[in-house]
$ cat protein_8.txt   # compact mmCIF, C-alpha atoms
# COMPACT_ATOMS: atom_id res chain seq x y z
CA MET N 22 0.00 0.00 0.00
CA LYS N 23 2.88 2.34 0.77
CA LYS N 24 4.19 1.88 -2.76
CA VAL N 25 0.76 2.62 -4.22
CA LEU N 26 0.44 5.77 -2.16
CA CYS N 27 3.84 6.95 -3.32
CA THR N 28 2.64 6.54 -6.89
CA LEU N 29 -0.46 8.52 -6.07
CA LEU N 30 1.71 11.24 -4.62
CA SER N 31 3.55 11.40 -7.91
CA VAL N 32 0.27 11.80 -9.72
CA ALA N 33 -0.88 14.40 -7.24
CA LEU N 34 2.19 16.55 -7.75
CA CYS N 35 1.89 16.32 -11.51
CA LEU N 36 -1.60 17.73 -11.18
CA THR N 37 -0.18 20.92 -9.71
CA MET N 38 2.56 21.41 -12.29
CA VAL N 39 0.67 23.73 -14.60
CA SER N 40 2.90 26.69 -13.79
CA PHE N 41 6.14 27.24 -11.94
CA PRO N 42 5.71 30.19 -9.55
CA VAL N 43 9.27 30.22 -8.21
CA SER N 44 10.52 33.66 -9.22
CA ALA N 45 10.31 35.03 -5.67
CA GLU N 46 12.92 33.36 -3.49
CA GLU N 47 10.86 33.99 -0.38
CA SER N 48 8.14 31.70 -1.79
CA ALA N 49 10.45 28.69 -1.69
CA ARG N 50 9.71 25.91 0.77
CA TYR N 51 12.43 23.51 -0.37
CA THR N 52 15.41 23.74 -2.68
CA ILE N 53 16.28 20.43 -4.33
CA SER N 54 19.84 19.94 -5.52
CA PRO N 55 20.44 19.37 -9.27
CA GLU N 56 21.76 15.87 -8.59
CA VAL N 57 18.48 14.86 -6.94
CA ALA N 58 16.14 16.82 -9.18
CA GLY N 59 17.71 15.65 -12.43
CA THR N 60 18.14 19.20 -13.75
CA GLU N 61 21.08 21.44 -14.52
CA THR N 62 20.16 23.82 -11.72
CA ALA N 63 18.48 23.47 -8.34
CA VAL N 64 14.70 23.06 -8.32
CA VAL N 65 12.69 25.28 -6.00
CA LEU N 66 9.46 23.83 -4.63
CA THR N 67 6.81 26.16 -3.24
CA ASP N 68 3.71 25.48 -1.17
CA GLU N 69 1.69 25.72 -4.36
CA ASP N 70 3.73 22.90 -5.87
CA LEU N 71 3.23 20.72 -2.81
CA THR N 72 -0.54 20.94 -2.35
CA ILE N 73 -3.39 19.17 -4.11
CA ASN N 74 -6.88 20.32 -4.96
CA GLU N 75 -10.30 18.87 -4.16
CA GLU N 76 -10.58 16.83 -7.35
CA VAL N 77 -7.21 15.18 -6.80
CA ALA N 78 -8.11 14.36 -3.21
CA ALA N 79 -11.25 12.55 -4.35
CA TYR N 80 -9.21 10.68 -6.94
CA ILE N 81 -6.67 9.54 -4.35
CA ALA N 82 -9.41 8.50 -1.91
CA GLN N 83 -11.01 6.37 -4.61
CA PHE N 84 -7.76 4.51 -5.23
CA PHE N 85 -7.22 4.07 -1.49
CA VAL N 86 -10.66 2.51 -1.09
CA GLU N 87 -9.97 0.11 -3.97
CA ASP N 88 -6.66 -0.91 -2.36
CA MET N 89 -8.28 -1.48 1.03
CA MET N 90 -11.10 -3.52 -0.47
CA ALA N 91 -8.50 -5.75 -2.10
CA THR N 92 -7.11 -6.63 1.34
CA GLY N 93 -10.47 -8.12 2.40
CA GLN N 94 -10.11 -6.45 5.81
CA THR N 95 -12.89 -3.89 5.54
CA THR N 96 -16.66 -4.04 5.69
CA TRP N 97 -16.85 -2.72 2.13
CA GLU N 98 -18.27 -5.50 -0.05
CA THR N 99 -19.01 -3.15 -2.94
CA GLU N 100 -17.13 0.04 -3.66
CA PRO N 101 -18.78 2.98 -1.85
CA THR N 102 -19.61 6.07 -3.86
CA ILE N 103 -18.26 9.55 -3.19
CA VAL N 104 -20.98 11.73 -1.68
CA GLU N 105 -19.05 14.95 -1.09
CA THR N 106 -15.51 16.24 -0.73
CA VAL N 107 -15.25 18.69 2.18
CA PRO N 108 -12.24 21.05 2.45
CA MET N 109 -10.84 21.64 5.93
CA TYR N 110 -8.69 24.59 7.01
CA ASP N 111 -5.91 25.72 9.29
CA ALA N 112 -6.63 27.47 12.58
CA ASN N 113 -6.90 30.83 10.83
CA GLY N 114 -9.47 29.48 8.39
CA GLU N 115 -7.31 30.59 5.45
CA GLU N 116 -5.38 27.64 4.00
CA ILE N 117 -6.76 24.19 3.23
CA THR N 118 -4.97 21.50 5.23
CA ALA N 119 -6.93 18.39 4.26
CA TYR N 120 -10.06 17.07 2.57
CA THR N 121 -12.64 14.71 3.97
CA VAL N 122 -14.00 12.56 1.16
CA GLU N 123 -17.40 11.51 2.46
CA LEU N 124 -18.51 8.13 1.14
CA SER N 125 -21.85 6.36 1.04
CA SER N 126 -20.29 4.22 3.77
CA GLY N 127 -17.42 5.69 5.75
CA TYR N 128 -14.96 8.41 4.82
CA VAL N 129 -11.31 9.09 3.93
CA VAL N 130 -9.26 12.09 5.06
CA VAL N 131 -6.64 13.10 2.49
CA SER N 132 -3.87 15.56 3.32
CA ALA N 133 -3.71 18.68 1.18
CA TYR N 134 0.07 18.51 1.56
CA ILE N 135 2.13 15.85 -0.18
CA ASP N 136 5.20 16.41 1.99
CA VAL N 137 3.75 14.60 5.02
CA PRO N 138 4.61 11.04 6.11
CA ASN N 139 1.31 9.64 4.82
CA ILE N 140 -1.15 11.45 2.60
CA ILE N 141 -4.02 9.32 3.96
CA LEU N 142 -4.53 10.78 7.43
CA GLU N 143 -7.65 8.95 8.61
CA TRP N 144 -10.31 6.65 7.26
CA ALA N 145 -13.29 4.58 8.32
CA ASP N 146 -15.43 2.08 6.46
CA GLU N 147 -18.61 2.64 8.48
CA ALA N 148 -18.36 5.66 10.80
CA GLU N 149 -19.45 9.21 10.08
CA PRO N 150 -16.77 11.93 9.73
CA VAL N 151 -15.57 13.10 13.15
CA TYR N 152 -16.60 16.71 12.57
CA SER N 153 -20.23 15.57 12.43
CA LEU N 154 -19.96 15.13 16.21
CA ILE N 155 -19.26 18.84 16.81
CA ASP N 156 -22.34 20.37 18.43
CA VAL N 157 -22.86 23.83 16.94
CA PRO N 158 -26.05 25.74 16.07
CA LEU N 159 -27.67 24.53 12.85
CA SER N 160 -27.53 28.07 11.50
CA ASN N 161 -23.75 28.06 11.77
CA THR N 162 -21.97 27.69 8.44
CA GLY N 163 -18.42 28.14 9.71
CA LYS N 164 -15.49 26.33 8.17
CA ILE N 165 -14.18 23.05 9.53
CA VAL N 166 -10.69 23.40 11.00
CA TYR N 167 -8.35 20.42 10.93
CA THR N 168 -4.87 20.55 12.42
CA GLY N 169 -3.99 16.85 12.53
CA ALA N 170 -5.35 13.41 13.30
CA LEU N 171 -8.65 13.71 15.19
CA ASN N 172 -8.06 17.42 15.82
CA TYR N 173 -11.29 18.85 14.45
CA PHE N 174 -12.88 22.21 15.15
CA ARG N 175 -15.64 24.31 13.68
CA GLU N 176 -15.74 28.09 13.42
CA THR N 177 -18.49 29.88 15.33
CA SER N 178 -20.19 33.16 14.66
CA THR N 179 -17.90 34.74 17.25
CA ASN N 180 -14.87 33.59 15.26
CA GLU N 181 -13.86 31.10 17.94
CA LEU N 182 -13.31 27.38 17.40
CA VAL N 183 -15.41 24.62 18.93
CA ALA N 184 -13.75 21.21 19.41
CA VAL N 185 -15.41 17.80 19.19
CA GLU N 186 -15.85 17.60 22.96
CA GLY N 187 -17.61 21.00 22.91
CA LYS N 188 -14.80 23.10 24.37
CA THR N 189 -14.24 26.54 22.81
CA PHE N 190 -10.76 27.76 21.83
CA LEU N 191 -9.23 30.94 20.52
CA ARG N 192 -7.51 30.41 17.19
CA ASN N 193 -4.03 30.95 18.64
CA GLU N 194 -4.68 28.28 21.26
CA VAL N 195 -4.98 25.47 18.72
CA ASN N 196 -1.91 23.30 18.23
CA ASP N 197 -1.00 22.86 14.54
CA VAL N 198 0.16 19.25 14.48
CA LEU N 199 -0.12 18.55 10.76
CA SER N 200 2.09 21.32 9.38
CA LYS N 201 4.86 20.35 11.79
CA GLN N 202 5.04 16.95 10.08
CA ARG N 203 5.89 18.48 6.70
CA ALA N 204 9.44 17.81 5.58
CA LYS N 205 11.45 17.50 2.38
CA GLU N 206 12.34 13.93 3.31
CA ASN N 207 8.67 12.96 2.96
CA ILE N 208 8.56 13.80 -0.75
CA PRO N 209 9.00 10.56 -2.73
CA SER N 210 12.02 10.59 -5.04
CA ASP N 211 9.90 9.85 -8.11
CA VAL N 212 7.89 13.01 -7.43
CA ILE N 213 11.05 15.11 -7.40
CA SER N 214 12.26 13.37 -10.55
CA GLU N 215 9.01 14.06 -12.41
CA TYR N 216 9.01 17.66 -11.25
CA GLY N 217 12.57 18.07 -12.53
CA LYS N 218 11.54 16.73 -15.93
CA ALA N 219 8.73 19.25 -16.11
CA GLN N 220 11.15 22.04 -15.23
CA LEU N 221 13.37 21.00 -18.11
CA SER N 222 10.58 20.97 -20.69
CA PRO N 223 7.64 23.16 -19.68
CA ALA N 224 6.54 23.87 -23.26
CA ILE N 225 5.09 20.43 -23.88
CA SER N 226 2.37 21.56 -26.28
CA LYS N 227 4.70 22.50 -29.12
CA LEU N 228 4.97 20.40 -32.30
CA ARG N 229 7.30 17.49 -31.71
CA ASN N 230 7.72 16.06 -35.21
CA GLY N 231 4.87 13.63 -35.01
CA GLY N 232 6.31 11.21 -32.47
CA ILE N 233 4.09 8.57 -30.87
CA ASN N 234 1.55 10.28 -28.56
CA ASP N 235 2.79 13.68 -29.69
CA GLU N 236 1.07 16.31 -31.80
CA GLY N 237 0.64 15.01 -35.34
CA GLY N 238 1.72 11.48 -34.44
CA VAL N 239 -0.12 8.21 -33.97
CA ILE N 240 -1.70 7.77 -30.53
CA ASP N 241 -1.19 4.66 -28.42
CA ASP N 242 -2.20 6.22 -25.08
CA PRO N 243 -4.73 9.09 -24.93
CA PHE N 244 -3.66 10.15 -21.42
CA ILE N 245 -0.04 10.62 -22.50
CA HIS N 246 -1.15 12.32 -25.72
CA ALA N 247 -3.37 14.76 -23.82
CA GLN N 248 -0.53 15.57 -21.43
CA ASN N 249 1.98 16.04 -24.25
CA VAL N 250 -0.24 18.11 -26.51
CA TYR N 251 -2.56 20.01 -24.17
CA GLY N 252 -0.55 20.03 -20.94
CA GLY N 253 -1.47 19.06 -17.41
CA THR N 254 -2.80 15.79 -16.05
CA TRP N 255 -5.97 14.08 -17.20
CA VAL N 256 -8.53 11.67 -15.82
CA ASN N 257 -11.28 9.76 -17.56
CA LYS N 258 -14.65 11.53 -17.65
CA GLU N 259 -16.66 9.04 -19.69
CA TYR N 260 -16.21 6.27 -22.21
CA ALA N 261 -17.84 3.38 -24.02
CA ASN N 262 -15.96 0.32 -25.23
CA VAL N 263 -18.44 -2.48 -25.83
CA TRP N 264 -16.39 -4.05 -28.65
CA GLU N 265 -12.97 -4.45 -27.02
CA ASP N 266 -13.34 -8.11 -26.14
CA VAL N 267 -14.06 -8.99 -29.79
CA ALA N 268 -11.86 -6.37 -31.47
CA ILE N 269 -9.92 -7.70 -34.46
CA PHE N 270 -6.77 -5.98 -35.69
CA PHE N 271 -6.19 -7.57 -39.08
CA ASN N 272 -3.61 -5.34 -40.74
CA LYS N 273 -1.37 -4.96 -43.77
CA SER N 274 1.30 -7.26 -42.32
CA ASP N 275 -1.23 -10.11 -42.40
CA ILE N 276 -1.45 -10.12 -46.23
CA PRO N 277 1.25 -10.39 -48.92
CA THR N 278 2.81 -6.93 -48.87
CA ASN N 279 3.29 -6.72 -52.63
CA ALA N 280 -0.01 -8.24 -53.71
CA TYR N 281 -2.40 -5.49 -52.68
CA ALA N 282 -1.94 -1.74 -52.85
CA GLN N 283 -4.02 0.86 -51.00
CA ALA N 284 -5.85 -2.01 -49.28
CA CYS N 285 -6.92 -0.13 -46.14
CA GLY N 286 -10.57 -0.20 -47.28
CA PRO N 287 -10.83 -4.00 -47.61
CA ILE N 288 -8.81 -4.37 -44.40
CA ALA N 289 -11.24 -2.13 -42.51
CA ILE N 290 -14.24 -4.05 -43.84
CA THR N 291 -12.54 -7.33 -42.89
CA ASN N 292 -12.22 -6.13 -39.30
CA ILE N 293 -15.86 -5.02 -39.24
CA VAL N 294 -17.01 -8.43 -40.51
CA LYS N 295 -14.89 -10.38 -38.03
CA MET N 296 -15.93 -8.21 -35.08
CA TYR N 297 -19.58 -8.63 -36.04
CA GLY N 298 -19.13 -12.41 -36.21
CA ALA N 299 -17.61 -12.58 -32.74
CA LYS N 300 -20.06 -10.17 -31.10
CA TYR N 301 -23.17 -11.74 -32.63
CA ASN N 302 -21.90 -15.33 -32.34
CA ASN N 303 -22.01 -16.05 -36.06
CA SER N 304 -20.19 -19.38 -36.07
CA TYR N 305 -19.18 -19.20 -39.73
CA LEU N 306 -17.53 -15.79 -39.42
CA LYS N 307 -16.06 -16.57 -35.99
CA ASN N 308 -14.31 -19.65 -37.35
CA ARG N 309 -13.27 -18.18 -40.68
CA TYR N 310 -9.69 -16.91 -40.68
CA ALA N 311 -9.34 -13.14 -41.01
CA ASP N 312 -7.20 -13.44 -44.16
CA ALA N 313 -9.90 -15.63 -45.74
CA VAL N 314 -12.46 -12.94 -44.97
CA PHE N 315 -10.14 -10.37 -46.54
CA TYR N 316 -10.02 -12.41 -49.76
CA ASP N 317 -13.84 -12.65 -49.63
CA VAL N 318 -14.01 -8.86 -49.37
CA VAL N 319 -11.71 -8.42 -52.37
CA ALA N 320 -13.71 -11.00 -54.34
CA VAL N 321 -16.95 -9.11 -53.71
CA SER N 322 -15.32 -6.02 -55.19
CA ASP N 323 -14.08 -7.95 -58.23
CA ARG N 324 -17.56 -9.34 -58.95
CA ASN N 325 -19.11 -5.90 -59.10
CA PRO N 326 -19.46 -4.46 -62.64
CA THR N 327 -17.29 -1.58 -61.47
CA PRO N 328 -14.93 -2.81 -58.74
CA PHE N 329 -15.30 -1.07 -55.41
CA TYR N 330 -11.63 -1.57 -54.64
CA ILE N 331 -8.93 -0.55 -57.12
CA ASN N 332 -5.76 -2.55 -56.44
CA SER N 333 -3.15 -0.05 -57.57
CA ILE N 334 -1.04 2.82 -56.30
CA GLY N 335 -3.39 5.78 -56.18
CA GLY N 336 -6.35 3.39 -56.11
CA GLY N 337 -8.17 2.10 -53.06
CA VAL N 338 -11.85 2.56 -52.25
CA ASP N 339 -13.65 5.74 -53.27
CA PRO N 340 -15.59 7.12 -50.27
CA ASP N 341 -18.77 7.20 -52.36
CA ASP N 342 -18.44 3.43 -52.85
CA VAL N 343 -18.15 2.63 -49.14
CA PRO N 344 -21.90 2.06 -48.45
CA PRO N 345 -22.59 -0.25 -51.40
CA TYR N 346 -19.31 -2.09 -50.84
CA ILE N 347 -20.08 -2.88 -47.18
CA LEU N 348 -23.67 -3.84 -48.01
CA SER N 349 -22.45 -6.17 -50.75
CA VAL N 350 -19.93 -7.84 -48.45
CA PHE N 351 -22.52 -8.59 -45.78
CA ASP N 352 -25.00 -9.69 -48.43
CA ASN N 353 -22.36 -12.19 -49.53
CA TYR N 354 -22.76 -13.78 -46.08
CA ASN N 355 -26.57 -13.45 -46.15
CA ILE N 356 -26.52 -10.89 -43.37
CA ASP N 357 -28.71 -7.79 -43.42
CA VAL N 358 -27.11 -4.56 -42.22
CA THR N 359 -27.99 -0.91 -42.63
CA ILE N 360 -25.53 1.85 -43.52
CA TYR N 361 -26.03 5.36 -42.16
CA GLY N 362 -23.98 8.39 -43.20
CA ASP N 363 -22.03 10.13 -44.25
CA TYR N 364 -21.50 12.06 -41.02
CA TYR N 365 -18.68 14.19 -39.71
CA ALA N 366 -16.81 12.38 -36.95
CA THR N 367 -17.51 14.80 -34.10
CA TYR N 368 -17.36 13.53 -30.55
CA GLN N 369 -21.12 13.70 -30.02
CA ASP N 370 -21.89 11.76 -33.19
CA LEU N 371 -19.23 9.16 -32.41
CA LYS N 372 -20.62 8.84 -28.88
CA ASN N 373 -24.12 8.29 -30.24
CA ALA N 374 -22.87 5.66 -32.66
CA LEU N 375 -20.65 3.66 -30.32
CA SER N 376 -22.52 3.63 -27.01
CA THR N 377 -24.10 0.25 -27.82
CA ASP N 378 -23.00 -2.92 -29.63
CA GLU N 379 -25.28 -2.23 -32.58
CA ARG N 380 -22.82 -0.20 -34.65
CA LEU N 381 -19.27 0.11 -35.88
CA ILE N 382 -17.95 2.95 -37.99
CA TYR N 383 -15.90 3.13 -41.16
CA LEU N 384 -13.91 6.38 -41.11
CA CYS N 385 -12.23 7.94 -44.13
CA LEU N 386 -9.12 10.04 -43.47
CA GLU N 387 -7.53 12.51 -45.85
CA ALA N 388 -3.82 13.11 -46.32
CA ASN N 389 -2.14 16.44 -45.65
CA THR N 390 -4.70 17.42 -43.03
CA THR N 391 -3.41 19.16 -39.92
CA ASN N 392 -2.34 16.67 -37.24
CA ASN N 393 -3.62 13.64 -39.16
CA PRO N 394 -0.81 11.08 -38.82
CA TYR N 395 -2.18 8.91 -41.63
CA ASP N 396 -2.22 9.21 -45.40
CA ASN N 397 -5.50 8.83 -47.31
CA HIS N 398 -6.71 6.00 -45.15
CA ALA N 399 -9.67 4.02 -43.83
CA VAL N 400 -10.00 2.86 -40.23
CA VAL N 401 -12.62 1.18 -38.05
CA GLY N 402 -13.88 3.12 -35.03
CA TYR N 403 -15.18 1.00 -32.19
CA ALA N 404 -14.90 2.92 -28.90
CA TYR N 405 -14.58 6.42 -27.49
CA THR N 406 -13.28 8.11 -24.37
CA GLN N 407 -13.41 11.65 -23.06
CA LEU N 408 -10.77 12.97 -20.65
CA ARG N 409 -10.94 15.89 -18.26
CA ASN N 410 -8.03 18.08 -17.17
CA VAL N 411 -7.99 17.93 -13.38
CA SER N 412 -6.86 21.55 -13.04
CA SER N 413 -8.73 23.46 -15.74
CA GLY N 414 -11.67 21.14 -16.39
CA ARG N 415 -10.95 21.18 -20.12
CA LEU N 416 -12.29 18.19 -22.06
CA VAL N 417 -10.60 16.30 -24.87
CA SER N 418 -11.98 13.18 -26.54
CA TYR N 419 -10.64 10.28 -28.56
CA LEU N 420 -11.91 7.65 -30.95
CA LYS N 421 -10.40 4.19 -30.54
CA ILE N 422 -9.63 2.54 -33.87
CA CYS N 423 -8.36 -0.51 -35.72
CA ASP N 424 -6.02 1.38 -38.01
CA GLY N 425 -5.09 -1.56 -40.28
CA MET N 426 -1.42 -0.98 -39.58
CA VAL N 427 -0.72 -2.60 -36.21
CA GLY N 428 -2.16 -5.50 -34.24
CA TYR N 429 -3.64 -3.43 -31.42
CA GLY N 430 -5.98 -0.50 -30.89
CA ARG N 431 -4.87 3.06 -31.44
CA TYR N 432 -6.63 6.38 -30.92
CA MET N 433 -7.44 9.54 -32.82
CA ASP N 434 -8.12 12.94 -31.29
CA THR N 435 -11.65 13.99 -32.24
CA ALA N 436 -10.26 17.49 -32.80
CA VAL N 437 -8.76 15.83 -35.91
CA THR N 438 -11.52 13.37 -36.84
CA LYS N 439 -14.25 16.03 -36.79
CA ASP N 440 -13.18 17.13 -40.26
CA PHE N 441 -13.61 13.65 -41.77
CA LYS N 442 -16.64 11.68 -42.90
CA TYR N 443 -17.71 8.29 -41.59
CA TRP N 444 -20.41 5.70 -42.14
CA GLU N 445 -22.21 3.71 -39.47
CA VAL N 446 -22.66 -0.01 -40.04
CA HIS N 447 -25.83 -0.82 -38.12
CA PHE N 448 -26.43 -4.47 -37.23
$ encode --input "protein_8.txt" --output "structure tokens"
Amino acid sequence: MKKVLCTLLSVALCLTMVSFPVSAEESARYTISPEVAGTETAVVLTDEDLTINEEVAAYIAQFFVEDMMATGQTTWETEPTIVETVPMYDANGEEITAYTVELSSGYVVVSAYIDVPNIILEWADEAEPVYSLIDVPLSNTGKIVYTGALNYFRETSTNELVAVEGKTFLRNEVNDVLSKQRAKENIPSDVISEYGKAQLSPAISKLRNGGINDEGGVIDDPFIHAQNVYGGTWVNKEYANVWEDVAIFFNKSDIPTNAYAQACGPIAITNIVKMYGAKYNNSYLKNRYADAVFYDVVAVSDRNPTPFYINSIGGGVDPDDVPPYILSVFDNYNIDVTIYGDYYATYQDLKNALSTDERLIYLCLEANTTNNPYDNHAVVGYAYTQLRNVSSGRLVSYLKICDGMVGYGRYMDTAVTKDFKYWEVHF
């Protein structure tokens, strides 16, 4: 668990690394030597760099609950839901010291500081938060003050603090236990390392020659791509991926490389046919090898008075021929499908199309389009995901695809796909 929490600390720090407010020397809390930080000069860490926000606290609490459930030593049989995240303050009521993540059963207290011995300060799987025991007038809306484990207070209308046992204190009478535990030694080394890397390359949104998960390059991991291109740290907001367990990634390396040119169209249709067969338990298509299906797809084209697929450099499948081609292929297997389109591949339309197992999409890409890593190309879209920046709330979304080039799923930013047309194959 300690290792997991260290990883979460790394994530938490990354969430705060949107800017580097270290110009004023008096703002420094710690100075990390170049040898430790992995930079050419010392790295200065401020309080802003070492604190987390409410969203991050909820994220960490969720992971903590999952880890504790895995031990089998809690009363949680199903994962509790987050009801509310309550900020708690120092004795002056000015700075946030911790967050209580209230759950449908129990609670978790997460430190707002990452330079403490343990970022999880308290937790319970059944009990109510301790501050609920503080007896104050119902009309009181004062802040909750938290200065360390079980040290809870609530502000009163007279600006005094009431403790759990009902005793009233002046603000300067409250002992600040938590802040005294903060120390540079408590910052995990991987956090310092990641911070040093960010110091070395803060301008991560610039064009980086189309590398994997960079602007203009193919995307293997949407979280890394979002961080590289848009900056900051991202969490999943929503997604649908009902086809993953039957996804087929037949690609150009699975056919004789010199026998077929511009074959991305037949490859895409092959993947659609095979995925349909697996999802809908069509025994013939499930058992038929993918390369055999590919040859079926090519044969359907050849039988048409005007072939749908032109096997030559500069050939391929004309977008206007996509609907009749797909219909003809499925008709060859005596399967009725409906083709809808063409539509622009915006996030909302892709979401509507891929939220159930009734549809797959055939997407046509055009060469020389900004940030499109592919040439004139056809891919199969089968899932989507939308990410949210934990600091700014900005949303970015991705289409998951069989790109006909590799044997695993890749992604496309919908900021790129929105300019291209697609067809829905409705089963």
$ residues_around --input "protein_8.txt" --residues "N:Asn397" --least-positions-apart "5" --cutoff "8 Å" --atoms "only C-alpha atoms" --output "list in words"
Cys385, Leu386, Glu387 and Ala388 of chain N
$ write_last_selection --input "protein_8.txt" --atoms "C-alpha atoms" --output "PDB file, keeping the file's coordinate frame"
ATOM      1  CA  CYS N 385     -12.230   7.940 -44.130  1.00  0.00           C
ATOM      2  CA  LEU N 386      -9.120  10.040 -43.470  1.00  0.00           C
ATOM      3  CA  GLU N 387      -7.530  12.510 -45.850  1.00  0.00           C
ATOM      4  CA  ALA N 388      -3.820  13.110 -46.320  1.00  0.00           C
TER       5      ALA N 388
END
$ atom_distance --input "protein_8.txt" --atom1 "atom CA of N:Val321" --atom2 "atom CA of N:Tyr346"
7.9 Å
$ residues_around --input "protein_8.txt" --residues "N:Ser376" --least-positions-apart "3" --cutoff "7 Å" --atoms "only C-alpha atoms" --output "VMD selection string"
chain N and resid 261 372 to 373
$ write_last_selection --input "protein_8.txt" --atoms "C-alpha atoms" --output "PDB file, in the frame of the given file"
ATOM      1  CA  ALA N 261     -17.840   3.380 -24.020  1.00  0.00           C
ATOM      2  CA  LYS N 372     -20.620   8.840 -28.880  1.00  0.00           C
ATOM      3  CA  ASN N 373     -24.120   8.290 -30.240  1.00  0.00           C
TER       4      ASN N 373
END
$ axis_aligned_box --input "protein_8.txt" --around "stretch 296-313 of chain N" --padding-each-side "5 Å" --output "AutoDock Vina command-line options"
--center_x -15.2 --center_y -13.9 --center_z -38.4 --size_x 26.0 --size_y 21.4 --size_z 24.6
$ residues_around --input "protein_8.txt" --residues "N:Glu265" --least-positions-apart "5" --cutoff "12 Å" --atoms "all atoms listed in the file" --output "compact mmCIF listing (two decimals) with C-alpha atoms, in the frame of the given file"
# COMPACT_ATOMS: atom_id res chain seq x y z
CA PHE N 270 -6.77 -5.98 -35.69
CA MET N 296 -15.93 -8.21 -35.08
CA TYR N 297 -19.58 -8.63 -36.04
CA ALA N 299 -17.61 -12.58 -32.74
CA LYS N 300 -20.06 -10.17 -31.10
CA LEU N 375 -20.65 3.66 -30.32
CA ASP N 378 -23.00 -2.92 -29.63
CA LEU N 381 -19.27 0.11 -35.88
CA GLY N 402 -13.88 3.12 -35.03
CA TYR N 403 -15.18 1.00 -32.19
CA ALA N 404 -14.90 2.92 -28.90
CA TYR N 405 -14.58 6.42 -27.49
CA LYS N 421 -10.40 4.19 -30.54
CA ILE N 422 -9.63 2.54 -33.87
CA CYS N 423 -8.36 -0.51 -35.72
CA TYR N 429 -3.64 -3.43 -31.42
CA GLY N 430 -5.98 -0.50 -30.89
CA ARG N 431 -4.87 3.06 -31.44
$ residues_near_point --input "protein_8.txt" --point "(4.0, 8.9, -20.3)" --cutoff "12 Å" --atoms "all atoms listed in the file" --output "PyMOL selection string"
chain N and resi 32+35+215+218+233-235+240-250+253-255
$ atom_distance --input "protein_8.txt" --atom1 "atom CA of N:Phe441" --atom2 "atom CA of N:Asn410"
25.6 Å
$ closest_residue --input "protein_8.txt" --among "N:Thr291, N:Asp317, N:Arg203, N:Lys307" --to "N:Arg50" --atoms "all atoms listed in the file"
N:Arg203
$ residues_around --input "protein_8.txt" --residues "stretch 86-98 of chain N" --least-positions-apart "4" --cutoff "8 Å" --atoms "only C-alpha atoms" --output "short mmCIF file (atom, residue, chain, number, x, y, z; two decimals) with C-alpha atoms, in the frame of the given file"
data_model
loop_
_atom_site.label_atom_id
_atom_site.label_comp_id
_atom_site.auth_asym_id
_atom_site.auth_seq_id
_atom_site.Cartn_x
_atom_site.Cartn_y
_atom_site.Cartn_z
CA MET N 22 0.00 0.00 0.00
CA ALA N 82 -9.41 8.50 -1.91
CA SER N 126 -20.29 4.22 3.77
CA ASP N 146 -15.43 2.08 6.46
CA GLU N 147 -18.61 2.64 8.48
#
$ atom_distance --input "protein_8.txt" --atom1 "atom CA of N:Gln202" --atom2 "atom CA of N:Ile140"
11.2 Å
$ residues_around --input "protein_8.txt" --residues "N:Thr390" --least-positions-apart "3" --cutoff "12 Å" --atoms "only C-alpha atoms" --output "list in words"
Gly237, Leu386, Glu387, Asn393, Pro394, Tyr395, Asp396, Asn397, His398, Ala436, Val437, Thr438, Lys439, Asp440 and Phe441 of chain N
$ residues_near_point --input "protein_8.txt" --point "(-12.8, 24.9, 14.9)" --cutoff "10 Å" --atoms "only C-alpha atoms" --output "number ranges by chain"
N: 109-114, 152, 155, 163-168, 172-177, 180-185, 188-192, 195
$ closest_residue --input "protein_8.txt" --among "N:Ile141, N:Leu420, N:Leu306, N:Val446" --to "N:Val358" --atoms "all atoms listed in the file"
N:Val446
$ closest_residue --input "protein_8.txt" --among "N:Val212, N:Leu199, N:Ile334, N:Ala49" --to "N:Ala63" --atoms "all atoms listed in the file"
N:Ala49
